[in-house]
$ cat work_2.cif   # mmCIF, C-alpha atoms and all ligand atoms
data_upload
#
loop_
_atom_site.label_atom_id
_atom_site.label_comp_id
_atom_site.auth_asym_id
_atom_site.auth_seq_id
_atom_site.Cartn_x
_atom_site.Cartn_y
_atom_site.Cartn_z
CA MET A 1 -1.57 -20.13 -0.60
CA THR A 2 2.13 -20.47 -1.28
CA ALA A 3 4.54 -18.08 0.41
CA GLN A 4 5.94 -15.54 -2.01
CA SER A 5 9.62 -14.69 -1.84
CA ALA A 6 10.39 -11.07 -1.10
CA PRO A 7 11.60 -8.96 -4.02
CA GLN A 8 15.04 -7.40 -3.71
CA ALA A 9 13.42 -3.94 -3.68
CA PRO A 10 16.36 -1.75 -4.67
CA SER A 11 16.15 1.76 -3.26
CA PRO A 12 14.24 4.13 -5.55
CA PHE A 13 16.03 7.07 -3.94
CA ALA A 14 19.29 8.84 -4.73
CA SER A 15 22.05 8.25 -2.22
CA HIS A 16 21.81 11.89 -1.11
CA ALA A 17 18.03 11.77 -0.41
CA LEU A 18 18.70 12.36 3.30
CA ALA A 19 21.89 14.43 2.98
CA GLY A 20 22.08 16.97 5.81
CA LYS A 21 19.56 15.06 7.93
CA ARG A 22 20.40 14.13 11.51
CA VAL A 23 18.01 11.38 12.55
CA LEU A 24 17.42 9.95 16.04
CA VAL A 25 16.28 6.31 16.06
CA THR A 26 15.04 5.08 19.44
CA GLY A 27 15.40 1.34 19.99
CA GLY A 28 18.25 1.42 17.51
CA GLY A 29 20.34 -1.36 19.04
CA SER A 30 18.30 -4.25 17.68
CA GLY A 31 15.71 -5.39 15.16
CA LEU A 32 14.11 -2.89 12.80
CA GLY A 33 15.80 0.21 14.26
CA ARG A 34 19.23 -1.31 13.89
CA ALA A 35 18.63 -2.48 10.33
CA LEU A 36 17.01 0.80 9.29
CA ALA A 37 19.99 2.80 10.54
CA GLY A 38 22.19 1.40 7.77
CA HIS A 39 19.65 2.43 5.12
CA LEU A 40 19.46 5.96 6.53
CA VAL A 41 23.25 6.29 6.48
CA ALA A 42 23.38 4.91 2.92
CA HIS A 43 21.06 7.77 1.90
CA GLY A 44 23.23 10.47 3.44
CA ALA A 45 21.89 10.87 6.99
CA ASP A 46 23.82 11.06 10.22
CA VAL A 47 22.13 8.84 12.78
CA HIS A 48 21.82 8.74 16.57
CA LEU A 49 20.80 5.43 18.17
CA TRP A 50 19.21 5.24 21.62
CA GLY A 51 18.46 2.17 23.73
CA ARG A 52 19.24 0.71 27.13
CA ARG A 53 21.91 -1.85 26.13
CA GLU A 54 25.21 -0.14 25.42
CA GLY A 55 26.97 -3.17 23.89
CA MET A 56 24.21 -3.70 21.34
CA LEU A 57 24.11 0.00 20.47
CA ARG A 58 27.85 0.04 19.82
CA GLU A 59 27.64 -3.04 17.59
CA ALA A 60 24.70 -1.53 15.73
CA ALA A 61 26.56 1.73 15.19
CA GLN A 62 29.62 -0.04 13.85
CA GLU A 63 27.46 -2.03 11.43
CA ALA A 64 25.41 0.97 10.23
CA ALA A 65 28.39 3.31 9.87
CA ALA A 66 30.50 0.81 7.93
CA GLY A 67 30.08 2.73 4.67
CA ARG A 68 30.63 6.16 6.27
CA PRO A 69 32.67 6.04 9.48
CA GLY A 70 31.65 8.62 12.08
CA SER A 71 28.07 8.89 10.81
CA VAL A 72 26.42 7.01 13.70
CA HIS A 73 26.42 7.96 17.39
CA VAL A 74 24.91 6.16 20.36
CA ALA A 75 23.63 6.95 23.84
CA THR A 76 22.12 4.74 26.52
CA VAL A 77 18.75 6.24 27.35
CA ASP A 78 15.66 4.79 28.98
CA ILE A 79 12.97 6.67 27.07
CA ARG A 80 10.47 6.08 29.90
CA ARG A 81 12.51 8.59 31.92
CA SER A 82 11.85 12.17 30.82
CA ASP A 83 14.98 13.40 32.65
CA GLN A 84 17.21 10.97 30.72
CA VAL A 85 15.52 11.85 27.43
CA ASP A 86 15.95 15.59 27.96
CA GLU A 87 19.59 15.27 29.02
CA ALA A 88 20.47 13.06 26.05
CA MET A 89 18.62 15.35 23.64
CA GLY A 90 20.52 18.34 25.05
CA ALA A 91 23.79 16.44 24.53
CA ILE A 92 22.98 15.83 20.85
CA TRP A 93 22.21 19.53 20.30
CA ALA A 94 25.40 20.59 22.14
CA GLU A 95 27.82 18.04 20.71
CA HIS A 96 26.51 17.40 17.18
CA GLY A 97 24.00 20.13 16.36
CA PRO A 98 20.19 20.03 16.05
CA LEU A 99 18.40 16.89 14.95
CA THR A 100 16.25 17.18 11.84
CA SER A 101 14.17 14.06 12.51
CA VAL A 102 13.03 11.68 15.25
CA PHE A 103 12.00 8.07 14.60
CA ASN A 104 10.05 6.77 17.63
CA ASN A 105 10.83 3.09 17.09
CA ALA A 106 11.52 1.68 20.57
CA GLY A 107 8.80 -0.69 21.65
CA ALA A 108 7.89 -3.26 24.27
CA ASN A 109 5.39 -6.06 23.88
CA PHE A 110 4.56 -9.66 24.73
CA ILE A 111 1.48 -11.80 24.30
CA ALA A 112 -0.47 -12.50 27.48
CA ARG A 113 -4.04 -12.92 28.68
CA THR A 114 -5.06 -9.46 29.79
CA GLU A 115 -6.62 -10.75 33.01
CA ASP A 116 -3.18 -12.14 33.99
CA LEU A 117 -1.28 -8.86 33.57
CA SER A 118 0.00 -7.09 36.67
CA PRO A 119 -0.06 -3.29 36.86
CA ARG A 120 3.74 -3.32 36.41
CA ALA A 121 3.46 -5.44 33.29
CA PHE A 122 0.88 -3.03 31.83
CA GLU A 123 3.13 -0.10 32.64
CA ALA A 124 6.30 -1.71 31.27
CA VAL A 125 4.67 -1.83 27.83
CA THR A 126 2.56 1.33 27.81
CA SER A 127 5.21 3.61 29.32
CA THR A 128 7.80 2.52 26.75
CA ILE A 129 5.53 3.08 23.78
CA MET A 130 3.36 6.00 24.87
CA ASP A 131 5.43 7.95 27.42
CA GLY A 132 8.67 7.25 25.55
CA SER A 133 7.33 8.51 22.22
CA TYR A 134 5.85 11.60 23.90
CA PHE A 135 9.00 12.44 25.89
CA THR A 136 11.27 11.99 22.86
CA SER A 137 9.03 13.91 20.46
CA THR A 138 8.53 16.85 22.81
CA ALA A 139 12.20 17.03 23.83
CA ALA A 140 13.14 17.48 20.16
CA ALA A 141 10.22 19.73 19.24
CA ARG A 142 10.73 22.17 22.14
CA ARG A 143 14.25 22.73 20.82
CA TRP A 144 13.11 23.07 17.17
CA ILE A 145 10.48 25.62 18.18
CA ALA A 146 12.94 27.59 20.33
CA ASP A 147 15.53 27.56 17.51
CA GLY A 148 12.97 28.32 14.76
CA LEU A 149 13.94 25.13 12.96
CA PRO A 150 11.73 22.70 11.02
CA GLY A 151 11.58 19.06 12.07
CA SER A 152 10.02 15.71 11.32
CA ILE A 153 8.67 13.14 13.78
CA LEU A 154 7.85 9.62 12.63
CA SER A 155 6.58 6.80 14.87
CA ASN A 156 6.64 3.06 14.31
CA LEU A 157 3.11 1.81 15.07
CA THR A 158 1.08 -1.24 14.04
CA THR A 159 -2.23 -1.79 12.30
CA TRP A 160 -3.72 -2.47 15.75
CA VAL A 161 -4.27 1.29 15.98
CA TRP A 162 -7.27 0.68 13.69
CA THR A 163 -8.24 -2.91 14.58
CA GLY A 164 -7.14 -3.31 18.19
CA SER A 165 -5.72 -6.73 19.02
CA ALA A 166 -6.56 -9.36 21.61
CA PHE A 167 -3.74 -10.62 23.86
CA VAL A 168 -1.49 -7.59 23.27
CA VAL A 169 -3.85 -5.04 24.80
CA PRO A 170 -1.31 -2.70 26.48
CA ALA A 171 0.65 -2.41 23.22
CA ALA A 172 -2.50 -1.90 21.14
CA MET A 173 -3.67 0.81 23.58
CA ALA A 174 -0.32 2.58 23.67
CA LYS A 175 0.20 2.48 19.89
CA ALA A 176 -3.31 3.92 19.47
CA ALA A 177 -2.32 6.74 21.84
CA VAL A 178 0.73 7.52 19.68
CA HIS A 179 -1.55 7.45 16.61
CA ALA A 180 -3.67 10.12 18.36
CA MET A 181 -0.50 12.06 19.21
CA THR A 182 0.49 11.94 15.54
CA MET A 183 -2.77 13.50 14.35
CA SER A 184 -2.93 16.02 17.20
CA LEU A 185 0.64 17.32 17.01
CA ALA A 186 0.55 17.46 13.21
CA ALA A 187 -2.17 20.09 13.47
CA GLU A 188 -0.62 21.86 16.45
CA TRP A 189 2.92 22.11 15.10
CA ALA A 190 2.45 22.56 11.33
CA ARG A 191 2.84 26.31 11.89
CA HIS A 192 6.31 25.57 13.28
CA ARG A 193 7.13 23.51 10.15
CA ILE A 194 7.19 20.31 12.22
CA ARG A 195 5.67 17.31 10.47
CA VAL A 196 4.33 14.36 12.48
CA ASN A 197 3.61 11.03 10.78
CA ALA A 198 3.69 7.30 11.51
CA VAL A 199 4.17 3.98 9.78
CA ALA A 200 2.21 0.84 10.64
CA PRO A 201 4.13 -2.16 9.31
CA GLY A 202 2.72 -5.67 9.20
CA PRO A 203 4.96 -8.46 10.40
CA ILE A 204 8.67 -8.13 9.61
CA PRO A 205 10.36 -10.93 11.55
CA THR A 206 12.93 -9.76 14.12
CA ASP A 207 14.46 -11.92 16.85
CA TYR A 208 12.94 -10.18 19.84
CA ALA A 209 9.49 -9.47 18.40
CA TRP A 210 9.04 -13.12 17.50
CA ALA A 211 10.33 -14.25 20.92
CA MET A 212 7.65 -12.01 22.49
CA LEU A 213 4.79 -12.58 20.03
CA ASN A 214 5.24 -16.20 18.95
CA PRO A 215 7.28 -17.87 21.68
CA THR A 216 5.91 -21.47 21.55
CA ASP A 217 4.66 -23.94 18.96
CA LYS A 218 1.09 -23.21 20.10
CA SER A 219 1.31 -19.41 19.92
CA SER A 220 1.24 -18.99 16.16
CA SER A 221 -1.66 -16.76 15.14
CA GLY A 222 -2.95 -14.75 12.20
CA ALA A 223 -0.71 -11.89 13.32
CA THR A 224 2.46 -13.83 12.54
CA GLN A 225 1.35 -16.37 9.89
CA THR A 226 2.55 -15.71 6.38
CA ASP A 227 -0.34 -17.58 4.75
CA ARG A 228 -2.84 -15.12 6.27
CA ILE A 229 -1.23 -12.19 4.47
CA PRO A 230 -2.70 -11.53 0.99
CA ALA A 231 0.77 -10.71 -0.36
CA GLY A 232 1.82 -14.21 0.76
CA ARG A 233 4.88 -13.09 2.67
CA THR A 234 6.12 -10.90 5.49
CA GLY A 235 7.56 -7.47 4.82
CA THR A 236 11.24 -6.67 4.54
CA VAL A 237 13.39 -4.10 6.27
CA ALA A 238 14.33 -2.61 2.87
CA GLU A 239 10.66 -1.99 2.06
CA LEU A 240 10.10 -0.32 5.44
CA ALA A 241 13.32 1.68 4.98
CA HIS A 242 12.10 3.06 1.64
CA LEU A 243 8.87 4.30 3.21
CA VAL A 244 10.77 5.80 6.16
CA ILE A 245 13.30 7.52 3.88
CA PHE A 246 10.49 9.04 1.82
CA LEU A 247 8.64 10.26 4.91
CA LEU A 248 11.79 11.75 6.48
CA SER A 249 12.90 13.38 3.23
CA ASP A 250 11.98 16.83 1.96
CA ALA A 251 10.09 15.19 -0.94
CA CYS A 252 6.85 15.22 1.05
CA ALA A 253 6.98 18.46 3.04
CA TYR A 254 3.16 18.80 2.82
CA LEU A 255 2.50 15.31 4.25
CA THR A 256 1.62 15.40 7.93
CA GLY A 257 -0.69 13.73 10.46
CA GLN A 258 -0.81 10.41 8.58
CA THR A 259 -0.26 6.84 9.74
CA ILE A 260 0.63 4.74 6.71
CA ALA A 261 0.07 0.98 6.84
CA MET A 262 2.47 -1.26 4.93
CA ASP A 263 1.32 -4.80 5.60
CA GLY A 264 0.81 -6.70 2.33
CA GLY A 265 -2.95 -6.30 2.83
CA GLN A 266 -2.96 -8.19 6.16
CA MET A 267 -5.24 -5.80 8.05
CA LEU A 268 -7.84 -5.84 5.27
CA ALA A 269 -7.94 -9.65 5.15
CA GLY A 270 -9.39 -10.19 8.61
CA PRO A 271 -11.72 -13.07 9.47
CA GLY A 272 -14.78 -10.97 8.57
CA THR A 273 -13.75 -10.87 4.91
CA PHE A 274 -13.51 -13.46 2.13
CA ALA A 275 -9.75 -13.00 1.71
CA GLU A 276 -9.01 -16.64 2.62
CA LEU A 277 -10.74 -17.76 -0.60
CA ALA A 278 -7.50 -16.88 -2.39
CA LYS A 279 -6.54 -20.52 -1.72
CA LEU A 280 -9.37 -21.96 -3.89
CA THR A 281 -8.63 -23.58 -7.26
CA ASP A 282 -10.30 -22.98 -10.65
CA ALA A 283 -12.31 -26.17 -10.07
CA ASP A 284 -13.45 -24.91 -6.66
CA TRP A 285 -14.59 -21.66 -8.28
CA ALA A 286 -16.41 -23.53 -11.06
CA GLU A 287 -18.31 -25.53 -8.43
CA ILE A 288 -19.10 -22.37 -6.45
CA ARG A 289 -20.39 -20.68 -9.61
CA ALA A 290 -22.55 -23.69 -10.54
CA GLN A 291 -24.07 -23.95 -7.04
CA SER A 292 -24.80 -20.25 -6.69
CA LYS A 293 -26.23 -20.04 -10.23
CA ALA A 294 -28.50 -23.01 -9.47
CA ALA A 295 -29.77 -21.28 -6.30
CA SER A 296 -30.31 -18.13 -8.32
CA ALA A 297 -32.28 -20.02 -11.00
CA VAL A 298 -34.60 -21.50 -8.37
CA SER A 299 -35.26 -18.06 -6.95
CA ALA A 300 -35.81 -16.57 -10.44
CA ALA A 301 -38.38 -19.27 -11.25
CA GLN A 302 -40.40 -18.27 -8.19
CA ARG A 303 -40.57 -14.56 -9.13
CA ALA A 304 -43.87 -13.06 -10.24
CA VAL A 305 -42.24 -10.07 -11.97
CA GLY A 306 -39.13 -9.17 -14.02
C1 LIG B 401 -4.76 -8.00 13.83
C2 LIG B 401 -3.84 -7.80 12.72
C3 LIG B 401 -2.50 -8.41 12.89
C4 LIG B 401 -1.39 -7.40 12.85
C5 LIG B 401 -0.13 -8.11 12.89
C6 LIG B 401 1.04 -7.26 13.13
C7 LIG B 401 2.17 -8.16 13.25
C8 LIG B 401 3.23 -7.85 14.18
C9 LIG B 401 3.10 -6.59 14.90
C10 LIG B 401 4.16 -6.47 15.89
C11 LIG B 401 3.89 -5.28 16.69
C12 LIG B 401 4.83 -4.95 17.71
C13 LIG B 401 5.76 -5.71 18.11
C14 LIG B 401 6.67 -5.28 19.13
O1 LIG B 401 6.64 -4.25 19.74
S1 LIG B 401 7.79 -6.36 19.37
C15 LIG B 401 8.95 -5.55 20.40
C16 LIG B 401 9.38 -6.51 21.29
N1 LIG B 401 10.51 -5.94 21.93
C17 LIG B 401 10.51 -5.63 23.20
O2 LIG B 401 9.56 -5.87 23.93
C18 LIG B 401 11.78 -4.98 23.70
C19 LIG B 401 11.68 -4.46 25.08
N2 LIG B 401 11.16 -5.47 25.99
C20 LIG B 401 11.47 -5.52 27.30
O3 LIG B 401 12.21 -4.70 27.80
C21 LIG B 401 10.85 -6.60 28.14
O4 LIG B 401 10.53 -7.70 27.31
C22 LIG B 401 9.59 -6.11 28.86
C23 LIG B 401 8.51 -5.61 27.93
C24 LIG B 401 9.03 -7.27 29.71
C25 LIG B 401 9.92 -4.98 29.83
O5 LIG B 401 11.05 -5.27 30.58
P1 LIG B 401 11.34 -4.55 31.99
O6 LIG B 401 12.72 -4.97 32.38
O7 LIG B 401 11.01 -3.13 31.94
O8 LIG B 401 10.28 -5.19 32.90
P2 LIG B 401 10.32 -6.47 33.85
O9 LIG B 401 11.00 -7.63 33.24
O10 LIG B 401 10.79 -6.00 35.18
O11 LIG B 401 8.77 -6.80 33.94
C26 LIG B 401 7.82 -5.80 34.31
C27 LIG B 401 6.52 -6.50 34.65
O12 LIG B 401 6.04 -7.19 33.48
C28 LIG B 401 5.83 -8.58 33.80
N3 LIG B 401 6.11 -9.38 32.60
C29 LIG B 401 7.26 -9.40 31.91
N4 LIG B 401 7.17 -10.25 30.87
C30 LIG B 401 5.94 -10.79 30.95
C31 LIG B 401 5.24 -11.76 30.16
N5 LIG B 401 5.82 -12.34 29.09
N6 LIG B 401 3.99 -12.08 30.49
C32 LIG B 401 3.39 -11.49 31.57
N7 LIG B 401 3.99 -10.56 32.36
C33 LIG B 401 5.25 -10.23 32.04
C34 LIG B 401 6.82 -8.84 34.90
O13 LIG B 401 6.45 -10.00 35.62
C35 LIG B 401 6.73 -7.56 35.71
O14 LIG B 401 5.57 -7.51 36.47
P3 LIG B 401 5.56 -7.88 38.06
O15 LIG B 401 6.64 -7.08 38.73
O16 LIG B 401 4.20 -7.51 38.52
O17 LIG B 401 5.83 -9.37 38.14
N1 LIG B 402 8.84 -6.58 13.93
C1 LIG B 402 7.62 -6.36 13.50
O1 LIG B 402 7.01 -7.15 12.81
C2 LIG B 402 6.95 -5.07 13.83
C3 LIG B 402 7.49 -4.17 14.69
N2 LIG B 402 6.84 -3.00 14.92
C4 LIG B 402 7.43 -2.01 15.81
O2 LIG B 402 8.79 -1.81 15.47
C5 LIG B 402 9.49 -1.42 16.64
C6 LIG B 402 10.77 -2.24 16.75
O3 LIG B 402 10.41 -3.60 16.94
P1 LIG B 402 11.43 -4.80 16.66
O4 LIG B 402 12.64 -4.27 16.00
O5 LIG B 402 10.67 -5.88 16.03
O6 LIG B 402 11.76 -5.28 18.16
P2 LIG B 402 13.07 -5.10 19.06
O7 LIG B 402 12.74 -5.69 20.38
O8 LIG B 402 14.27 -5.60 18.36
O9 LIG B 402 13.19 -3.52 19.19
C7 LIG B 402 12.71 -2.80 20.29
C8 LIG B 402 13.80 -1.85 20.72
O10 LIG B 402 13.29 -0.95 21.69
C9 LIG B 402 14.29 -0.71 22.66
N3 LIG B 402 13.67 -0.30 23.91
C10 LIG B 402 12.74 -0.98 24.64
N4 LIG B 402 12.45 -0.32 25.75
C11 LIG B 402 13.19 0.81 25.74
C12 LIG B 402 13.34 1.90 26.63
N5 LIG B 402 12.63 1.96 27.77
N6 LIG B 402 14.21 2.88 26.33
C13 LIG B 402 14.92 2.83 25.17
N7 LIG B 402 14.84 1.83 24.28
C14 LIG B 402 13.98 0.84 24.57
C15 LIG B 402 15.00 -2.04 22.79
O11 LIG B 402 16.33 -1.89 23.23
P3 LIG B 402 16.79 -2.05 24.78
O12 LIG B 402 16.08 -3.25 25.31
O13 LIG B 402 18.26 -2.19 24.68
O14 LIG B 402 16.39 -0.77 25.44
C16 LIG B 402 14.99 -2.55 21.36
O15 LIG B 402 16.16 -2.18 20.69
C17 LIG B 402 8.54 -1.58 17.82
O16 LIG B 402 7.98 -0.33 18.16
C18 LIG B 402 7.47 -2.48 17.25
O17 LIG B 402 6.23 -2.29 17.88
C19 LIG B 402 5.67 -2.68 14.32
C20 LIG B 402 5.08 -3.55 13.47
C21 LIG B 402 5.68 -4.81 13.14
#

$ encode --input "work_2.cif" --output "structure tokens"
Amino acid sequence: MTAQSAPQAPSPFASHALAGKRVLVTGGGSGLGRALAGHLVAHGADVHLWGRREGMLREAAQEAAAGRPGSVHVATVDIRRSDQVDEAMGAIWAEHGPLTSVFNNAGANFIARTEDLSPRAFEAVTSTIMDGSYFTSTAAARRWIADGLPGSILSNLTTWVWTGSAFVVPAAMAKAAVHAMTMSLAAEWARHRIRVNAVAPGPIPTDYAWAMLNPTDKSSSGATQTDRIPAGRTGTVAELAHLVIFLLSDACAYLTGQTIAMDGGQMLAGPGTFAELAKLTDADWAEIRAQSKAASAVSAAQRAVG
């Protein structure tokens, strides 16, 4: 299969689609969170970026706020620490006003044989994804509920929540836990007008994810190979941004409890399917048809009825 080039995917949304929204993006100093921040600002949102590296957060804010100075704010927060999360959330409420939306995007991951992982390695990954998403979501929601305000929580998961994945077991487990949180809190908090959803992107190359998931020339796998994706390419930040903007907007106020995959068909083209036959030529298919029809004719000739 030849790799397809990504379409430009212009935004289908008006530039005010997120006007009045104040969105927290965890893990906003790098990768997807950093790139998404610019799209959120371009659609009218004010954005708060959290992460542990102050320099990167400041650079990211400058980049994202280029079109609207003052629209992006940063704070250094380790989301594994509930005390830090609560203090930083309180500071947003006090200094900027209530958030409208939380995007649980921060993540930690690396490929490793599970039998080699130390307890600290397991915890480094699971606490970032699971505890961090829980602490951040509840710190915002407690305030929304107390203030009688609506809110929207969105988490950045992966298709491993449905398939699992070998060699990234702590991340697959923790993302599945956040998937469960998404469904559970959607039902619990709908009466407070708090929506809880998630996205599950397929591969969208970012520097750190690829350093962690495909670090050597022997570590390439179906998870990161373009030719194993039916769409023939990886996803783009713009495509993810459009889904995120829609889910954070008021256009889908009745949509809650859902995890939406956007992976070019990757998850559905696993090794137990025939998806790899997309590489066959017309001649290959003609030969396949001839062979299977011949086998069918033999079997038909042996039938006693019909
Ligand atoms: C099946 C269908 C296919 C689907 C395909 C989907 C395609 C792509 C999907 C991508 C999904 C998700 C990707 C990502 O999340 S990528 C994000 C990557 N970004 C990050 O990880 C950013 C944050 N990362 C970090 O902070 C660090 O990398 C780390 C996770 C290691 C945590 O750092 P921290 O400073 O907290 O921890 P330490 O360095 O002190 O280490 C803690 C213990 O962990 C051990 N360790 C660290 N690295 C490794 C390693 N590479 N292998 C094994 N063990 C490791 C370390 O030794 C410490 O343990 P000990 O004290 O016991 O030694
Ligand atoms: N790239 C891809 O193909 C895919 C990515 N995803 C998900 O998208 C998200 C972003 O990944 P990506 O942009 O690729 O990778 P990055 O490594 O660039 O992003 C991860 C971010 O999380 C932050 N982070 C990690 N630990 C903490 C912590 N304890 N407290 C606060 N922030 C933290 C990091 O900043 P710092 O280290 O400064 O704290 C970093 O900015 C992840 O959840 C990932 O699982 C999902 C599917 C596919």

$ axis_aligned_box --input "work_2.cif" --around "ligand LIG 402 (chain B)" --padding-each-side "4 Å" --output "AutoDock Vina command-line options"
--center_x 11.7 --center_y -2.1 --center_z 20.3 --size_x 21.2 --size_y 18.0 --size_z 23.0

$ closest_residue --input "work_2.cif" --among "A:Leu24, A:Leu243, A:Val125, A:Ala269" --to "Ala171 of chain A" --atoms "only C-alpha atoms"
A:Val125

$ residues_near_ligand --input "work_2.cif" --ligand "ligand LIG 402 (chain B)" --cutoff "6 Å" --atoms "only C-alpha atoms and all ligand atoms" --output "PyMOL selection string"
chain A and resi 26-33+51-53+77-80+105-108+128+156-158+200-206+208-209

$ residues_near_ligand --input "work_2.cif" --ligand "ligand LIG 401 (chain B)" --cutoff "7 Å" --atoms "only C-alpha atoms and all ligand atoms" --output "PyMOL selection string"
chain A and resi 107-112+117-122+124-125+158-160+163-165+202-203+208-209+212-213+222-224+266-267

$ closest_residue --input "work_2.cif" --among "A:Glu115, A:Asp131, A:Glu59, A:Asp147" --to "Gly97 of chain A" --atoms "all atoms listed in the file"
A:Asp147

$ closest_residue --input "work_2.cif" --among "A:Ala35, A:Ile245, A:Ala166, A:Ile92" --to "Ala19 of chain A" --atoms "all atoms listed in the file"
A:Ile245

$ closest_residue --input "work_2.cif" --among "A:Asp282, A:Arg289, A:Ala45, A:Ile229" --to "Ala65 of chain A" --atoms "all atoms listed in the file"
A:Ala45

$ atom_distance --input "work_2.cif" --atom1 "atom CA of Gly270 of chain A" --atom2 "atom CA of Gln8 of chain A"
27.5 Å

$ atom_distance --input "work_2.cif" --atom1 "atom CA of His96 of chain A" --atom2 "atom CA of Ala251 of chain A"
24.6 Å

$ closest_residue --input "work_2.cif" --among "A:Leu40, A:Leu240, A:Ala176, A:Val199" --to "Thr256 of chain A" --atoms "all atoms listed in the file"
A:Val199

$ atom_distance --input "work_2.cif" --atom1 "atom CA of His192 of chain A" --atom2 "atom CA of Ala141 of chain A"
9.2 Å

$ closest_residue --input "work_2.cif" --among "A:Ala294, A:Ala304, A:Glu239, A:Phe274" --to "Ala9 of chain A" --atoms "all atoms listed in the file"
A:Glu239

$ residues_near_point --input "work_2.cif" --point "(17.0, 13.3, -2.5)" --cutoff "12 Å" --atoms "only C-alpha atoms" --output "list in words"
Ser11, Pro12, Phe13, Ala14, Ser15, His16, Ala17, Leu18, Ala19, Gly20, Lys21, Leu40, Ala42, His43, Gly44, Ala45, Ile245, Phe246, Leu247, Leu248, Ser249, Asp250, Ala251 and Cys252 of chain A

$ residues_around --input "work_2.cif" --residues "Ser137 of chain A" --least-positions-apart "4" --cutoff "7 Å" --atoms "all atoms listed in the file" --output "count of residues only"
4

$ decode --input "work_2.cif" --residues "segment 232-256 of chain A" --atoms "C-alpha atoms" --output "PDB file, in the first residue's frame"
ATOM      1  CA  GLY A 232      -2.585   4.715   4.411  1.00  0.00           C
ATOM      2  CA  ARG A 233      -1.306   7.500   6.625  1.00  0.00           C
ATOM      3  CA  THR A 234      -1.079   8.739  10.187  1.00  0.00           C
ATOM      4  CA  GLY A 235      -3.529  11.294  11.528  1.00  0.00           C
ATOM      5  CA  THR A 236      -2.900  15.014  11.739  1.00  0.00           C
ATOM      6  CA  VAL A 237      -3.182  17.447  14.603  1.00  0.00           C
ATOM      7  CA  ALA A 238      -5.720  19.488  12.605  1.00  0.00           C
ATOM      8  CA  GLU A 239      -7.996  16.454  12.276  1.00  0.00           C
ATOM      9  CA  LEU A 240      -7.752  15.758  16.011  1.00  0.00           C
ATOM     10  CA  ALA A 241      -8.321  19.457  16.747  1.00  0.00           C
ATOM     11  CA  HIS A 242     -11.556  19.461  14.734  1.00  0.00           C
ATOM     12  CA  LEU A 243     -12.921  16.527  16.730  1.00  0.00           C
ATOM     13  CA  VAL A 244     -11.848  18.139  20.012  1.00  0.00           C
ATOM     14  CA  ILE A 245     -13.391  21.506  19.067  1.00  0.00           C
ATOM     15  CA  PHE A 246     -16.680  19.804  18.208  1.00  0.00           C
ATOM     16  CA  LEU A 247     -16.729  17.829  21.456  1.00  0.00           C
ATOM     17  CA  LEU A 248     -15.880  20.884  23.578  1.00  0.00           C
ATOM     18  CA  SER A 249     -18.386  23.106  21.784  1.00  0.00           C
ATOM     19  CA  ASP A 250     -22.056  23.596  22.647  1.00  0.00           C
ATOM     20  CA  ALA A 251     -22.985  21.937  19.329  1.00  0.00           C
ATOM     21  CA  CYS A 252     -23.208  18.527  20.999  1.00  0.00           C
ATOM     22  CA  ALA A 253     -24.628  19.250  24.451  1.00  0.00           C
ATOM     23  CA  TYR A 254     -26.446  15.859  24.467  1.00  0.00           C
ATOM     24  CA  LEU A 255     -23.272  13.856  23.712  1.00  0.00           C
ATOM     25  CA  THR A 256     -21.778  12.301  26.825  1.00  0.00           C
TER      26      THR A 256
END
